[in-house]
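J.: Quick one: the structure is below, and I'll ask about it shortly.
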Amino acid sequence: MTEALQRRIMPLTSTKIFILMCGFCSRFHAIEYPPVQTVQTQNEVAHGSDVSLRCDVPLLSESSTLLWEKDGEQISNTTLMYNNSADIILHTVDERSKGKYYCRLMEDGRVETVRIHTLNVTSHSNTGKNKNRPIYRQSSSNSDVLLICKTSRKYNNLKWTWEPRPNSQIDLITFEKGRQVQLNGPIKPGRHSSTEYNSQALIFHISPVNFNYRGTYRCITETGIYTTIILHTIRVSVEPPDGVLKNQSVVLTCEVSKVTDSVTLVWLRMEGNRGVFVKQQIMTEKNNKLQLTVNLSSNETDPMNWQCAVFTESTLRALAPITNSHTSTTTNAPSMSTETSTVTNQEDTMTQDSLLHIVIIIACAAIVSVLILLGFLVFKCQQKTGADSWFKTKYISSEVLDCSTTVIYSASTAQ
């Protein structure tokens with residue numbers, strides 16, 4: 001091949017290579033940033049249920065954000081960005097939860113709608129053929145559950161029962177008697193529990209949620225079971241509890257109380273509201289230990305930035321973060337009877353101490369008032385009668401002081 005021919009071929013070959021490279025880059029660019037299509041879905045759920053909504057995109061860059069909105073405002077419920085999705089959990093939905101939920105993708109100043117979900121909520125809590133409603137709650141000091149039994153017609157009586165484990169003793173926790181709501185059983189009701197009976201609604205509020213409150217809760221009418229809620233509790237803990245403060249190596253444990261279907265536990269290291277996958281395990285009824293642990297060395301991320309996520313299939317059911325209250329919580333929760341008696345004794349002790357303090361304060365206030373009055377009388381008597389009156393008044397005041405000393409001694413002895 002002559003040099004002239006080579007010079008004619010080389011530019012042509014370089015041009016072809018450049019065109020091929022540009023074509024490859026354009027295809028690669030299309031794969032990295034695929035067009036986003038809006039998906040619309042809708043469903044109807046029973047009053048009082050938990051609802052999880054999921055929004056997915058093909059790829060999500062670090063500068064991009066997925067947000068769920070309703071009525072133009074960002075939803076304040078649990079939101080988790082994980083992989084290329086954003087999940088929210090709506091707890092105990094009611095009529096106010098109805099409407100359209102928009103998942104927005106914010107990227108490079110642009111806002112695109114990825115998903116529109118229309119949620120319809122029934123006016124009653126009966127779910128038809130499938131009456132079992134599973135819900136998941138973290139066992140913590142600020143968690144709660146609303147057991148809502150709202151019927152479509154009037155009944156003569158409604159009641160809530162609790163079965164901690166299959167084929168175990170069934171406890172009656174609240175019921176109607178004489179048109180009044182009676183509270184009974186081992187679970188102390190929260191402040192949102194029903195106090196009056198209106199023939200179509202009975203609400204039992206559990207707050208806080210203890211780990212051993214898991215089980216089956218049934219709303220029963222005179223015609224049978226109206227609705228059933230299966231409560232699964234989640235517990236997270238740090239061992240040793242003071243390891244967080246002392247920058248020691250710690251073990252994070254996430255435990256679920258019961259598994260009826262396949263459940264996946266995932267430990268996530270949180271970076272803002274983004275979850276970075278660390279470890280996961282699929283739980284089934286055959287598992288002896290329904291827990292997942294992570295070992296953190298002293299130089300790793302603060303445990304307070306970790307959360308345990310609970311999934312059934314691809315649906316987010318609960319998020320259990322590590323909080324200050326959990327760092328002092330051991331994995332062995334006390335029994336209900338122990339907790340109840342402890343709380344009762346503490347309340348009784350606080351009541352007695354409060355009454356004693358009030359009595360002492362009143363007694364001291366009375367003594368001070370008497371001393372001030374005596375001082376005023378002494379001043380007046382000294383002006384009128386001189387030294388003799390002063391001696392008598394001083395003698396009288398010493399007797400009063402002796403009496404006040406006796407009062408204070410008696411109060412301290414009673415304490």
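Letters A, B, ... go to the chains of the structure tokens in the order shown; residues in each chain start at 1; ligands are counted from 1 in the same order.
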Could you produce a table of the residues of segment 115-188 of chain A lying within 9 Å of segment 74-93 of chain A, with the nearest pair of atoms per residue and their separation in Å rounded to one decimal, using only C-alpha atoms, ordered by chain and increasing residue number, as CSV?
T.:
```
residue,atom,partner,partner_atom,distance
A:Val121,CA,A:Val93,CA,7.3
A:Ile135,CA,A:His91,CA,8.9
A:Val145,CA,A:Thr92,CA,8.2
A:Leu146,CA,A:Thr92,CA,7.0
A:Leu147,CA,A:Thr92,CA,8.6
A:Ile148,CA,A:Thr92,CA,8.5
```
J.: For segment 215-219 of chain A, find every residue with an atom within 6 Å (counting only C-alpha atoms), except residues of its own chain fewer than 2 positions away, and show them as JSON, numbers by chain.
T.: {"A": [159, 160, 161, 162, 163, 164, 165, 225, 226, 227, 228, 229, 230, 231]}
J.: Would you mind exporting N, CA and C atoms of the selected residues as a compact mmCIF listing (two decimals), in the first residue's frame?
T.:
```txt
# COMPACT_ATOMS: atom_id res chain seq x y z
N LYS A 159 -67.17 -5.52 70.90
CA LYS A 159 -66.09 -5.77 71.85
C LYS A 159 -64.81 -6.11 71.10
N TRP A 160 -63.69 -5.80 71.73
CA TRP A 160 -62.37 -6.14 71.22
C TRP A 160 -61.76 -7.23 72.10
N THR A 161 -61.23 -8.27 71.45
CA THR A 161 -60.53 -9.33 72.18
C THR A 161 -59.10 -9.42 71.67
N TRP A 162 -58.24 -10.04 72.48
CA TRP A 162 -56.82 -10.17 72.14
C TRP A 162 -56.37 -11.60 72.39
N GLU A 163 -55.77 -12.21 71.37
CA GLU A 163 -55.19 -13.54 71.46
C GLU A 163 -53.69 -13.41 71.21
N PRO A 164 -52.85 -13.44 72.26
CA PRO A 164 -51.41 -13.20 72.09
C PRO A 164 -50.74 -14.18 71.13
N ARG A 165 -51.10 -15.45 71.22
CA ARG A 165 -50.53 -16.49 70.35
C ARG A 165 -51.65 -17.42 69.90
N ILE A 225 -67.49 -12.31 64.15
CA ILE A 225 -66.28 -11.49 63.99
C ILE A 225 -66.50 -10.48 62.87
N TYR A 226 -66.28 -9.22 63.17
CA TYR A 226 -66.47 -8.17 62.17
C TYR A 226 -65.17 -7.85 61.44
N THR A 227 -64.08 -7.73 62.18
CA THR A 227 -62.78 -7.48 61.56
C THR A 227 -61.69 -8.00 62.47
N THR A 228 -60.54 -8.31 61.88
CA THR A 228 -59.41 -8.87 62.62
C THR A 228 -58.13 -8.12 62.26
N ILE A 229 -57.39 -7.72 63.26
CA ILE A 229 -56.10 -7.05 63.07
C ILE A 229 -55.01 -7.92 63.68
N ILE A 230 -54.01 -8.24 62.88
CA ILE A 230 -52.87 -9.03 63.36
C ILE A 230 -51.70 -8.07 63.54
N LEU A 231 -51.31 -7.86 64.78
CA LEU A 231 -50.24 -6.92 65.12
C LEU A 231 -48.90 -7.65 65.21
```
J.: What does the distance between atom CA of Ser139 of chain A and atom CA of Arg54 of chain A come to in Å, to one decimal place?
T.: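 Taking atom CA of Ser139 of chain A and atom CA of Arg54 of chain A, their separation equals 24.2 Å.
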J.: Counting only C-alpha atoms, which residue out of A:Asn212, A:Leu158, A:Asn120, A:Thr223 sits closest to Glu196 of chain A?
T.: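 Residue with the minimum atom-to-atom distance to Glu196 of chain A: A:Leu158.
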J.: Could you go through segment 14-259 of chain A and tell me which residues DSSP, when run on the backbone, assigns to helix (DSSP H, G or I), listing them as number ranges by chain?
T.: A: 14-32, 95-97, 211-213, 243-246
J.: Go through A:Ala46, A:Val276, A:Val111, A:Cys254 one by one, measure the shortest atom-to-atom distance of each to Asn126 of chain A using only C-alpha atoms, and give the residue with the smallest value.
T.: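 Checking each candidate against Asn126 of chain A, we get A:Ala46 as the closest.
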J.: Which one of A:Pro241, A:Gly48, A:Arg235, A:Ala309 sits closest to Ser257 of chain A if you count only C-alpha atoms?
T.: A:Arg235
J.: Smallest atom-to-atom distance to Gln291 of chain A: which of A:Thr253, A:Ser61, A:Ser152, A:Asn198, using only C-alpha atoms?
T.: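 When distances to Gln291 of chain A are compared using only C-alpha atoms, the smallest one comes from A:Thr253.
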J.: Which is closer to Trp267 of chain A than all the others in A:His232, A:Asn305, A:Asn157, A:Lys289, using only C-alpha atoms?
T.: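 Nearest candidate to Trp267 of chain A out of A:His232, A:Asn305, A:Asn157, A:Lys289: A:Asn305.
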J.: Using atom CA of Leu296 of chain A and atom CA of Gln248 of chain A as the two end points, give the distance in Å to one decimal.
T.: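 Atom-to-atom, atom CA of Leu296 of chain A and atom CA of Gln248 of chain A are spaced 8.7 Å apart.
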J.: Let me make sure I understand: among A:Leu183, A:Leu268, A:Leu373, A:Val209, which one has the smallest atom-to-atom distance to Ser140 of chain A if we use only C-alpha atoms?
T.: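 Using only C-alpha atoms, Ser140 of chain A sits closest to A:Val209.
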J.: For a test of reading the model, state the distance in Å between atom CA of Asp144 of chain A and atom CA of Ser194 of chain A, rounded to one decimal.
T.: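 Computing it gives 15.2 Å between the two atoms.
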J.: Residues of segment 188-285 of chain A classed as strand (DSSP E or B) by DSSP on the backbone are to be reported as number ranges by chain.
T.: A: 189, 196, 201-206, 215-221, 224-239, 250-256, 263-271, 274-283
